[in-house]
>>> print(open('protein_20.txt').read())   # compact mmCIF, N, CA and C atoms
# COMPACT_ATOMS: atom_id res chain seq x y z
N MET A 1 0.84 -1.18 0.00
CA MET A 1 0.00 0.00 0.00
C MET A 1 0.87 1.23 0.00
N SER A 2 0.54 2.16 -0.79
CA SER A 2 1.23 3.44 -0.75
C SER A 2 0.57 4.28 0.33
N THR A 3 1.21 4.40 1.46
CA THR A 3 0.58 5.08 2.59
C THR A 3 0.67 6.59 2.50
N GLY A 4 1.57 7.10 1.72
CA GLY A 4 1.70 8.54 1.64
C GLY A 4 2.23 9.16 2.91
N ARG A 5 2.85 8.39 3.80
CA ARG A 5 3.31 8.91 5.07
C ARG A 5 4.47 9.88 4.90
N THR A 6 5.06 9.92 3.72
CA THR A 6 6.17 10.85 3.51
C THR A 6 5.67 12.23 3.11
N GLY A 7 4.36 12.40 2.94
CA GLY A 7 3.79 13.69 2.57
C GLY A 7 2.32 13.52 2.23
N ALA A 8 1.73 14.59 1.72
CA ALA A 8 0.31 14.53 1.37
C ALA A 8 0.11 13.61 0.18
N GLY A 9 -1.02 12.95 0.15
CA GLY A 9 -1.31 12.08 -0.97
C GLY A 9 -2.37 11.07 -0.62
N CYS A 10 -2.54 10.14 -1.53
CA CYS A 10 -3.52 9.08 -1.30
C CYS A 10 -2.84 7.74 -1.54
N GLY A 11 -3.51 6.70 -1.07
CA GLY A 11 -2.96 5.37 -1.23
C GLY A 11 -4.06 4.36 -1.42
N GLY A 12 -3.70 3.24 -1.95
CA GLY A 12 -4.66 2.17 -2.15
C GLY A 12 -4.02 0.84 -1.87
N GLU A 13 -4.85 -0.14 -1.55
CA GLU A 13 -4.35 -1.46 -1.23
C GLU A 13 -5.36 -2.50 -1.68
N LEU A 14 -4.87 -3.56 -2.26
CA LEU A 14 -5.68 -4.69 -2.66
C LEU A 14 -5.00 -5.92 -2.11
N GLY A 15 -5.76 -6.77 -1.43
CA GLY A 15 -5.11 -7.92 -0.81
C GLY A 15 -6.03 -9.09 -0.60
N ALA A 16 -5.44 -10.19 -0.25
CA ALA A 16 -6.16 -11.42 0.05
C ALA A 16 -5.33 -12.23 1.02
N GLY A 17 -6.00 -13.12 1.73
CA GLY A 17 -5.27 -13.95 2.67
C GLY A 17 -6.20 -14.88 3.42
N PRO A 18 -5.63 -15.62 4.32
CA PRO A 18 -6.46 -16.55 5.10
C PRO A 18 -7.28 -15.81 6.14
N GLY A 19 -8.46 -16.33 6.41
CA GLY A 19 -9.32 -15.74 7.41
C GLY A 19 -10.08 -16.83 8.16
N ARG A 20 -10.76 -16.43 9.19
CA ARG A 20 -11.61 -17.35 9.96
C ARG A 20 -12.98 -16.71 10.09
N VAL A 21 -13.99 -17.51 9.95
CA VAL A 21 -15.35 -17.02 10.11
C VAL A 21 -16.02 -17.85 11.19
N ARG A 22 -16.83 -17.19 11.99
CA ARG A 22 -17.55 -17.82 13.10
C ARG A 22 -19.03 -17.51 12.90
N VAL A 23 -19.85 -18.55 12.82
CA VAL A 23 -21.28 -18.38 12.60
C VAL A 23 -22.02 -18.92 13.82
N ALA A 24 -22.84 -18.07 14.42
CA ALA A 24 -23.65 -18.45 15.59
C ALA A 24 -24.93 -17.65 15.54
N CYS A 25 -25.92 -18.10 16.28
CA CYS A 25 -27.17 -17.35 16.40
C CYS A 25 -27.69 -17.48 17.82
N SER A 26 -28.62 -16.61 18.18
CA SER A 26 -29.10 -16.59 19.56
C SER A 26 -29.90 -17.84 19.92
N GLY A 27 -30.55 -18.49 18.96
CA GLY A 27 -31.32 -19.69 19.25
C GLY A 27 -30.60 -20.99 18.93
N CYS A 28 -29.34 -20.92 18.54
CA CYS A 28 -28.58 -22.10 18.13
C CYS A 28 -27.72 -22.62 19.27
N THR A 29 -27.51 -23.92 19.28
CA THR A 29 -26.61 -24.51 20.27
C THR A 29 -25.21 -24.70 19.71
N ASP A 30 -25.08 -24.83 18.39
CA ASP A 30 -23.79 -25.05 17.77
C ASP A 30 -23.22 -23.74 17.22
N VAL A 31 -21.92 -23.63 17.29
CA VAL A 31 -21.19 -22.52 16.68
C VAL A 31 -20.26 -23.14 15.66
N VAL A 32 -20.32 -22.64 14.42
CA VAL A 32 -19.49 -23.15 13.34
C VAL A 32 -18.33 -22.19 13.12
N VAL A 33 -17.12 -22.71 13.11
CA VAL A 33 -15.92 -21.93 12.85
C VAL A 33 -15.16 -22.62 11.73
N SER A 34 -14.73 -21.83 10.74
CA SER A 34 -14.02 -22.42 9.62
C SER A 34 -12.97 -21.45 9.08
N SER A 35 -11.92 -21.98 8.49
CA SER A 35 -10.91 -21.17 7.80
C SER A 35 -11.38 -20.95 6.37
N VAL A 36 -11.31 -19.70 5.92
CA VAL A 36 -11.80 -19.34 4.60
C VAL A 36 -10.90 -18.25 4.00
N PRO A 37 -10.89 -18.11 2.68
CA PRO A 37 -10.14 -17.01 2.06
C PRO A 37 -10.90 -15.69 2.19
N ILE A 38 -10.17 -14.61 2.44
CA ILE A 38 -10.72 -13.27 2.59
C ILE A 38 -10.04 -12.36 1.56
N SER A 39 -10.79 -11.42 1.00
CA SER A 39 -10.19 -10.42 0.12
C SER A 39 -10.62 -9.03 0.58
N TYR A 40 -9.80 -8.03 0.29
CA TYR A 40 -10.13 -6.68 0.70
C TYR A 40 -9.53 -5.64 -0.24
N PHE A 41 -10.12 -4.46 -0.17
CA PHE A 41 -9.67 -3.31 -0.94
C PHE A 41 -9.76 -2.09 -0.04
N ARG A 42 -8.71 -1.29 -0.03
CA ARG A 42 -8.70 -0.06 0.77
C ARG A 42 -8.17 1.08 -0.07
N ILE A 43 -8.81 2.23 0.05
CA ILE A 43 -8.32 3.44 -0.59
C ILE A 43 -8.48 4.58 0.41
N GLY A 44 -7.50 5.48 0.44
CA GLY A 44 -7.58 6.56 1.41
C GLY A 44 -6.56 7.64 1.15
N GLY A 45 -6.56 8.60 2.05
CA GLY A 45 -5.64 9.71 1.94
C GLY A 45 -5.03 10.03 3.29
N THR A 46 -3.91 10.75 3.24
CA THR A 46 -3.21 11.08 4.47
C THR A 46 -3.81 12.34 5.10
N VAL A 47 -3.89 12.31 6.42
CA VAL A 47 -4.32 13.47 7.19
C VAL A 47 -3.09 14.17 7.75
N SER A 48 -2.10 13.37 8.14
CA SER A 48 -0.83 13.88 8.61
C SER A 48 0.23 12.85 8.24
N ASP A 49 1.47 13.08 8.67
CA ASP A 49 2.51 12.11 8.34
C ASP A 49 2.35 10.80 9.11
N ARG A 50 1.41 10.72 10.07
CA ARG A 50 1.21 9.49 10.84
C ARG A 50 -0.22 8.95 10.79
N VAL A 51 -1.14 9.61 10.08
CA VAL A 51 -2.54 9.18 10.06
C VAL A 51 -3.04 9.11 8.63
N LEU A 52 -3.66 7.98 8.31
CA LEU A 52 -4.30 7.77 7.02
C LEU A 52 -5.77 7.42 7.29
N ILE A 53 -6.68 8.05 6.57
CA ILE A 53 -8.11 7.75 6.68
C ILE A 53 -8.56 7.22 5.32
N GLY A 54 -9.33 6.16 5.34
CA GLY A 54 -9.78 5.59 4.09
C GLY A 54 -11.06 4.80 4.22
N VAL A 55 -11.45 4.19 3.13
CA VAL A 55 -12.60 3.30 3.06
C VAL A 55 -12.06 1.90 2.72
N GLU A 56 -12.53 0.92 3.48
CA GLU A 56 -12.06 -0.45 3.30
C GLU A 56 -13.26 -1.37 3.08
N VAL A 57 -13.17 -2.22 2.08
CA VAL A 57 -14.20 -3.20 1.78
C VAL A 57 -13.57 -4.58 1.93
N VAL A 58 -14.17 -5.41 2.80
CA VAL A 58 -13.68 -6.77 3.05
C VAL A 58 -14.79 -7.73 2.65
N SER A 59 -14.43 -8.80 1.92
CA SER A 59 -15.45 -9.76 1.52
C SER A 59 -14.97 -11.19 1.71
N LEU A 60 -15.94 -12.05 1.92
CA LEU A 60 -15.71 -13.48 2.04
C LEU A 60 -16.80 -14.15 1.22
N LEU A 61 -16.42 -14.98 0.29
CA LEU A 61 -17.38 -15.75 -0.50
C LEU A 61 -16.86 -17.17 -0.55
N ASP A 62 -17.49 -18.04 0.19
CA ASP A 62 -17.03 -19.42 0.28
C ASP A 62 -18.17 -20.36 -0.07
N ARG A 63 -18.10 -20.95 -1.23
CA ARG A 63 -19.14 -21.86 -1.69
C ARG A 63 -18.98 -23.26 -1.11
N ALA A 64 -17.90 -23.52 -0.39
CA ALA A 64 -17.68 -24.85 0.20
C ALA A 64 -17.44 -24.72 1.69
N PHE A 65 -18.17 -23.86 2.33
CA PHE A 65 -18.01 -23.60 3.75
C PHE A 65 -18.40 -24.85 4.54
N GLY A 66 -17.56 -25.30 5.40
CA GLY A 66 -17.89 -26.48 6.21
C GLY A 66 -16.64 -27.27 6.54
N PHE A 67 -16.84 -28.35 7.23
CA PHE A 67 -15.72 -29.15 7.72
C PHE A 67 -15.56 -30.49 7.02
N SER A 68 -16.57 -30.95 6.31
CA SER A 68 -16.48 -32.25 5.66
C SER A 68 -17.19 -32.21 4.32
N ARG A 69 -16.99 -33.24 3.51
CA ARG A 69 -17.64 -33.30 2.21
C ARG A 69 -19.16 -33.34 2.34
N ALA A 70 -19.67 -33.83 3.43
CA ALA A 70 -21.11 -33.92 3.63
C ALA A 70 -21.75 -32.54 3.78
N THR A 71 -20.96 -31.51 4.13
CA THR A 71 -21.53 -30.19 4.33
C THR A 71 -21.17 -29.23 3.20
N ARG A 72 -20.85 -29.74 2.03
CA ARG A 72 -20.44 -28.89 0.92
C ARG A 72 -21.55 -27.98 0.41
N THR A 73 -22.80 -28.22 0.76
CA THR A 73 -23.87 -27.34 0.33
C THR A 73 -24.04 -26.16 1.27
N THR A 74 -23.29 -26.10 2.33
CA THR A 74 -23.32 -24.96 3.24
C THR A 74 -22.47 -23.84 2.62
N THR A 75 -23.03 -22.64 2.52
CA THR A 75 -22.30 -21.52 1.93
C THR A 75 -22.30 -20.33 2.89
N ALA A 76 -21.29 -19.50 2.75
CA ALA A 76 -21.18 -18.28 3.55
C ALA A 76 -20.73 -17.14 2.64
N GLU A 77 -21.42 -16.03 2.74
CA GLU A 77 -21.05 -14.81 2.01
C GLU A 77 -21.17 -13.65 2.99
N THR A 78 -20.10 -12.93 3.20
CA THR A 78 -20.14 -11.76 4.07
C THR A 78 -19.39 -10.61 3.42
N GLY A 79 -19.71 -9.42 3.85
CA GLY A 79 -19.01 -8.25 3.37
C GLY A 79 -19.14 -7.11 4.35
N THR A 80 -18.12 -6.30 4.45
CA THR A 80 -18.16 -5.09 5.27
C THR A 80 -17.59 -3.92 4.47
N ALA A 81 -18.14 -2.77 4.68
CA ALA A 81 -17.60 -1.52 4.12
C ALA A 81 -17.45 -0.57 5.30
N THR A 82 -16.21 -0.22 5.61
CA THR A 82 -15.94 0.59 6.79
C THR A 82 -15.07 1.79 6.47
N VAL A 83 -15.23 2.82 7.26
CA VAL A 83 -14.31 3.95 7.25
C VAL A 83 -13.23 3.58 8.26
N VAL A 84 -11.98 3.58 7.83
CA VAL A 84 -10.89 3.15 8.70
C VAL A 84 -9.88 4.27 8.91
N VAL A 85 -9.23 4.21 10.06
CA VAL A 85 -8.14 5.11 10.40
C VAL A 85 -6.92 4.25 10.67
N LEU A 86 -5.82 4.52 9.98
CA LEU A 86 -4.54 3.86 10.25
C LEU A 86 -3.64 4.88 10.94
N TRP A 87 -3.12 4.48 12.08
CA TRP A 87 -2.24 5.36 12.85
C TRP A 87 -0.87 4.72 12.91
N PHE A 88 0.15 5.44 12.47
CA PHE A 88 1.54 5.00 12.49
C PHE A 88 2.24 5.70 13.65
N PRO A 89 2.44 5.01 14.81
CA PRO A 89 3.05 5.67 15.96
C PRO A 89 4.51 6.07 15.74
N SER A 90 5.18 5.46 14.78
CA SER A 90 6.56 5.84 14.45
C SER A 90 6.73 5.78 12.95
N ARG A 91 7.88 6.11 12.48
CA ARG A 91 8.15 6.10 11.04
C ARG A 91 8.68 4.75 10.56
N ARG A 92 8.64 3.74 11.37
CA ARG A 92 9.22 2.45 11.02
C ARG A 92 8.28 1.52 10.26
N GLY A 93 7.01 1.86 10.09
CA GLY A 93 6.09 1.05 9.32
C GLY A 93 5.00 0.37 10.11
N PHE A 94 5.15 0.26 11.43
CA PHE A 94 4.14 -0.37 12.26
C PHE A 94 2.92 0.55 12.37
N PHE A 95 1.69 -0.04 12.30
CA PHE A 95 0.49 0.77 12.42
C PHE A 95 -0.61 0.03 13.17
N PHE A 96 -1.54 0.81 13.70
CA PHE A 96 -2.78 0.32 14.29
C PHE A 96 -3.91 0.73 13.36
N LYS A 97 -4.95 -0.09 13.32
CA LYS A 97 -6.08 0.17 12.44
C LYS A 97 -7.38 0.04 13.22
N GLY A 98 -8.34 0.92 12.95
CA GLY A 98 -9.66 0.81 13.54
C GLY A 98 -10.68 1.46 12.63
N GLY A 99 -11.91 0.95 12.67
CA GLY A 99 -12.93 1.54 11.81
C GLY A 99 -14.32 1.03 12.12
N VAL A 100 -15.31 1.71 11.53
CA VAL A 100 -16.71 1.36 11.71
C VAL A 100 -17.44 1.58 10.38
N GLY A 101 -18.44 0.75 10.14
CA GLY A 101 -19.20 0.87 8.90
C GLY A 101 -20.38 -0.08 8.89
N LEU A 102 -20.68 -0.63 7.73
CA LEU A 102 -21.82 -1.52 7.53
C LEU A 102 -21.35 -2.92 7.20
N ALA A 103 -22.10 -3.92 7.67
CA ALA A 103 -21.77 -5.33 7.39
C ALA A 103 -23.03 -6.05 6.95
N SER A 104 -22.85 -7.06 6.12
CA SER A 104 -23.96 -7.91 5.72
C SER A 104 -23.45 -9.33 5.54
N GLY A 105 -24.35 -10.28 5.67
CA GLY A 105 -23.96 -11.68 5.51
C GLY A 105 -25.14 -12.55 5.13
N GLN A 106 -24.83 -13.62 4.43
CA GLN A 106 -25.83 -14.62 4.08
C GLN A 106 -25.21 -15.99 4.28
N PHE A 107 -25.90 -16.85 5.02
CA PHE A 107 -25.43 -18.19 5.31
C PHE A 107 -26.53 -19.18 4.94
N THR A 108 -26.16 -20.20 4.20
CA THR A 108 -27.10 -21.24 3.80
C THR A 108 -26.62 -22.56 4.37
N VAL A 109 -27.49 -23.21 5.13
CA VAL A 109 -27.16 -24.47 5.80
C VAL A 109 -28.18 -25.52 5.37
N PRO A 110 -27.72 -26.71 4.94
CA PRO A 110 -28.68 -27.75 4.56
C PRO A 110 -29.40 -28.31 5.79
N GLY A 111 -30.65 -28.64 5.63
CA GLY A 111 -31.43 -29.23 6.72
C GLY A 111 -32.23 -30.41 6.21
N THR A 112 -32.96 -31.04 7.09
CA THR A 112 -33.74 -32.21 6.70
C THR A 112 -34.92 -31.81 5.80
N ALA A 113 -35.42 -30.59 5.95
CA ALA A 113 -36.55 -30.13 5.13
C ALA A 113 -36.08 -29.21 4.01
N GLY A 114 -34.81 -29.22 3.68
CA GLY A 114 -34.26 -28.33 2.66
C GLY A 114 -33.25 -27.38 3.26
N ALA A 115 -32.77 -26.48 2.43
CA ALA A 115 -31.75 -25.53 2.88
C ALA A 115 -32.38 -24.38 3.65
N ASP A 116 -31.69 -23.94 4.69
CA ASP A 116 -32.12 -22.82 5.51
C ASP A 116 -31.15 -21.67 5.25
N THR A 117 -31.68 -20.54 4.79
CA THR A 117 -30.85 -19.39 4.49
C THR A 117 -31.15 -18.28 5.48
N SER A 118 -30.09 -17.72 6.04
CA SER A 118 -30.21 -16.59 6.97
C SER A 118 -29.47 -15.40 6.39
N ASN A 119 -30.11 -14.24 6.44
CA ASN A 119 -29.50 -12.99 5.99
C ASN A 119 -29.43 -12.04 7.17
N GLY A 120 -28.41 -11.22 7.19
CA GLY A 120 -28.30 -10.24 8.25
C GLY A 120 -27.53 -9.01 7.81
N ARG A 121 -27.87 -7.89 8.39
CA ARG A 121 -27.16 -6.64 8.15
C ARG A 121 -26.99 -5.94 9.49
N GLY A 122 -25.94 -5.18 9.60
CA GLY A 122 -25.72 -4.47 10.85
C GLY A 122 -24.49 -3.59 10.78
N ILE A 123 -24.00 -3.24 11.94
CA ILE A 123 -22.81 -2.40 12.05
C ILE A 123 -21.57 -3.29 11.95
N GLY A 124 -20.62 -2.86 11.15
CA GLY A 124 -19.36 -3.59 11.01
C GLY A 124 -18.24 -2.83 11.68
N LEU A 125 -17.48 -3.52 12.49
CA LEU A 125 -16.32 -2.94 13.17
C LEU A 125 -15.06 -3.64 12.70
N THR A 126 -13.97 -2.94 12.65
CA THR A 126 -12.69 -3.55 12.33
C THR A 126 -11.62 -2.93 13.22
N PHE A 127 -10.67 -3.76 13.63
CA PHE A 127 -9.53 -3.29 14.40
C PHE A 127 -8.38 -4.26 14.21
N GLY A 128 -7.18 -3.76 14.34
CA GLY A 128 -6.01 -4.62 14.16
C GLY A 128 -4.73 -3.82 14.14
N PHE A 129 -3.70 -4.46 13.64
CA PHE A 129 -2.38 -3.84 13.52
C PHE A 129 -1.66 -4.45 12.33
N GLY A 130 -0.62 -3.80 11.90
CA GLY A 130 0.12 -4.30 10.75
C GLY A 130 1.46 -3.63 10.58
N TRP A 131 2.09 -3.93 9.45
CA TRP A 131 3.41 -3.40 9.16
C TRP A 131 3.51 -3.13 7.68
N ASP A 132 3.96 -1.93 7.32
CA ASP A 132 4.28 -1.58 5.94
C ASP A 132 5.76 -1.85 5.72
N PHE A 133 6.07 -2.71 4.77
CA PHE A 133 7.45 -2.98 4.37
C PHE A 133 7.72 -2.14 3.13
N ALA A 134 8.46 -1.05 3.30
CA ALA A 134 8.69 -0.11 2.20
C ALA A 134 9.52 -0.74 1.10
N ILE A 135 9.02 -0.65 -0.13
CA ILE A 135 9.76 -1.10 -1.32
C ILE A 135 10.43 0.11 -1.97
N SER A 136 9.71 1.23 -2.00
CA SER A 136 10.24 2.49 -2.50
C SER A 136 9.57 3.61 -1.70
N ARG A 137 9.82 4.83 -2.10
CA ARG A 137 9.25 5.97 -1.38
C ARG A 137 7.72 6.00 -1.42
N LYS A 138 7.12 5.47 -2.46
CA LYS A 138 5.67 5.52 -2.62
C LYS A 138 5.01 4.14 -2.69
N PHE A 139 5.73 3.08 -2.40
CA PHE A 139 5.14 1.73 -2.51
C PHE A 139 5.61 0.87 -1.36
N ALA A 140 4.69 0.11 -0.79
CA ALA A 140 5.03 -0.79 0.32
C ALA A 140 4.20 -2.06 0.21
N ILE A 141 4.72 -3.13 0.73
CA ILE A 141 3.97 -4.36 0.90
C ILE A 141 3.49 -4.37 2.34
N THR A 142 2.20 -4.61 2.53
CA THR A 142 1.61 -4.51 3.86
C THR A 142 1.18 -5.87 4.36
N SER A 143 1.50 -6.11 5.61
CA SER A 143 1.03 -7.32 6.30
C SER A 143 0.21 -6.83 7.49
N ASN A 144 -0.98 -7.46 7.70
CA ASN A 144 -1.75 -7.02 8.85
C ASN A 144 -2.58 -8.16 9.40
N LEU A 145 -2.93 -8.01 10.65
CA LEU A 145 -3.79 -8.94 11.37
C LEU A 145 -4.93 -8.11 11.92
N ALA A 146 -6.16 -8.47 11.53
CA ALA A 146 -7.30 -7.64 11.93
C ALA A 146 -8.54 -8.51 12.14
N ALA A 147 -9.43 -8.00 12.94
CA ALA A 147 -10.74 -8.60 13.14
C ALA A 147 -11.75 -7.67 12.47
N THR A 148 -12.65 -8.28 11.70
CA THR A 148 -13.66 -7.49 11.00
C THR A 148 -15.00 -8.09 11.29
>>> encode(input="protein_20.txt", output="structure tokens")
Amino acid sequence: MSTGRTGAGCGGELGAGPGRVRVACSGCTDVVVSSVPISYFRIGGTVSDRVLIGVEVVSLLDRAFGFSRATRTTTAETGTATVVVLWFPSRRGFFFKGGVGLASGQFTVPGTAGADTSNGRGIGLTFGFGWDFAISRKFAITSNLAAT
């Protein structure tokens, strides 16, 4: 991501990586947790040499959500769009991230009487930390760990 921390400007980031999703409901006894691929896009601008504000979109689309071949008809689709703030406490590349926005999800689970689909929308929160590995003055490879 080009963070623009060396001066005024804007930056963008496109990424993908491993993620974990946890599905539960208030009337359910089971909680399903699975590893899934996550993708995201962020674009923003610098407020100061240590603060970047942007919009981040995170999505998960897993058509084979589940733990065994018997549950291959279970699907999960989620997405969040948040306004995020990245704060760089020093010039070394380490940053903290936090944001709030909108989230939506759809989960389809097979049942004895057919598939049961649940949809939901609500407030999406994100927080985490990461590191920009500078490649040049305007380009960096970013690694981060975040909860969305």
>>> closest_residue(input="protein_20.txt", among="A:Thr108, A:Asn144, A:Ser118, A:Ser48", to="Gly130 of chain A", atoms="only N, CA and C atoms")
A:Asn144
>>> residues_near_point(input="protein_20.txt", point="(-13.7, -22.2, 13.7)", cutoff="6 Å", atoms="all atoms listed in the file", output="JSON, numbers by chain")
{"A": [21, 22, 32, 33, 34, 35]}
>>> atom_distance(input="protein_20.txt", atom1="atom C of Ala81 of chain A", atom2="atom N of Phe133 of chain A")
23.6 Å
>>> residues_around(input="protein_20.txt", residues="Thr46 of chain A", least_positions_apart="6", cutoff="5 Å", atoms="only N, CA and C atoms", output="list in words")
Gly9, Cys10 and Leu52 of chain A
>>> closest_residue(input="protein_20.txt", among="A:Ile53, A:Trp87, A:Gly27, A:Gly15", to="Ser39 of chain A", atoms="only C-alpha atoms")
A:Gly15
>>> select_by_dssp(input="protein_20.txt", residues="chain A", states="strand (DSSP E or B)", output="MDAnalysis selection string")
chainID A and resid 10:23 32:46 51:62 75:87 94:111 114:136 139:147
>>> closest_residue(input="protein_20.txt", among="A:Gly19, A:Gly54, A:Gly101, A:Pro37", to="Val84 of chain A", atoms="only C-alpha atoms")
A:Gly54
>>> atom_distance(input="protein_20.txt", atom1="atom N of Lys138 of chain A", atom2="atom N of Val57 of chain A")
22.2 Å
>>> atom_distance(input="protein_20.txt", atom1="atom CA of Ile141 of chain A", atom2="atom CA of Val47 of chain A")
20.6 Å
>>> closest_residue(input="protein_20.txt", among="A:Ala76, A:Val83, A:Ala140, A:Ile123", to="Ala103 of chain A", atoms="all atoms listed in the file")
A:Ile123
>>> closest_residue(input="protein_20.txt", among="A:Glu77, A:Asp132, A:Leu145, A:Gly120", to="Phe94 of chain A", atoms="all atoms listed in the file")
A:Asp132
>>> residues_around(input="protein_20.txt", residues="Phe127 of chain A", least_positions_apart="6", cutoff="6 Å", atoms="only C-alpha atoms", output="ChimeraX atom specification")
/A:97-98,146-147
>>> write_last_selection(input="protein_20.txt", atoms="N, CA and C atoms", output="mmCIF file, in the frame of the given file")
data_model
loop_
_atom_site.group_PDB
_atom_site.id
_atom_site.type_symbol
_atom_site.label_atom_id
_atom_site.label_comp_id
_atom_site.auth_asym_id
_atom_site.auth_seq_id
_atom_site.Cartn_x
_atom_site.Cartn_y
_atom_site.Cartn_z
ATOM 1 N N LYS A 97 -4.950 -0.090 13.320
ATOM 2 C CA LYS A 97 -6.080 0.170 12.440
ATOM 3 C C LYS A 97 -7.380 0.040 13.220
ATOM 4 N N GLY A 98 -8.340 0.920 12.950
ATOM 5 C CA GLY A 98 -9.660 0.810 13.540
ATOM 6 C C GLY A 98 -10.680 1.460 12.630
ATOM 7 N N ALA A 146 -6.160 -8.470 11.530
ATOM 8 C CA ALA A 146 -7.300 -7.640 11.930
ATOM 9 C C ALA A 146 -8.540 -8.510 12.140
ATOM 10 N N ALA A 147 -9.430 -8.000 12.940
ATOM 11 C CA ALA A 147 -10.740 -8.600 13.140
ATOM 12 C C ALA A 147 -11.750 -7.670 12.470
#
>>> residues_around(input="protein_20.txt", residues="Ile38 of chain A", least_positions_apart="6", cutoff="5 Å", atoms="all atoms listed in the file", output="list in words")
Ala16, Gly17, Pro18, Gly19 and Ser59 of chain A
>>> closest_residue(input="protein_20.txt", among="A:Val109, A:Leu60, A:Ile135, A:Gly44", to="Glu13 of chain A", atoms="all atoms listed in the file")
A:Gly44
>>> residues_around(input="protein_20.txt", residues="Thr78 of chain A", least_positions_apart="4", cutoff="6 Å", atoms="only N, CA and C atoms", output="number ranges by chain")
A: 58-61, 104-106
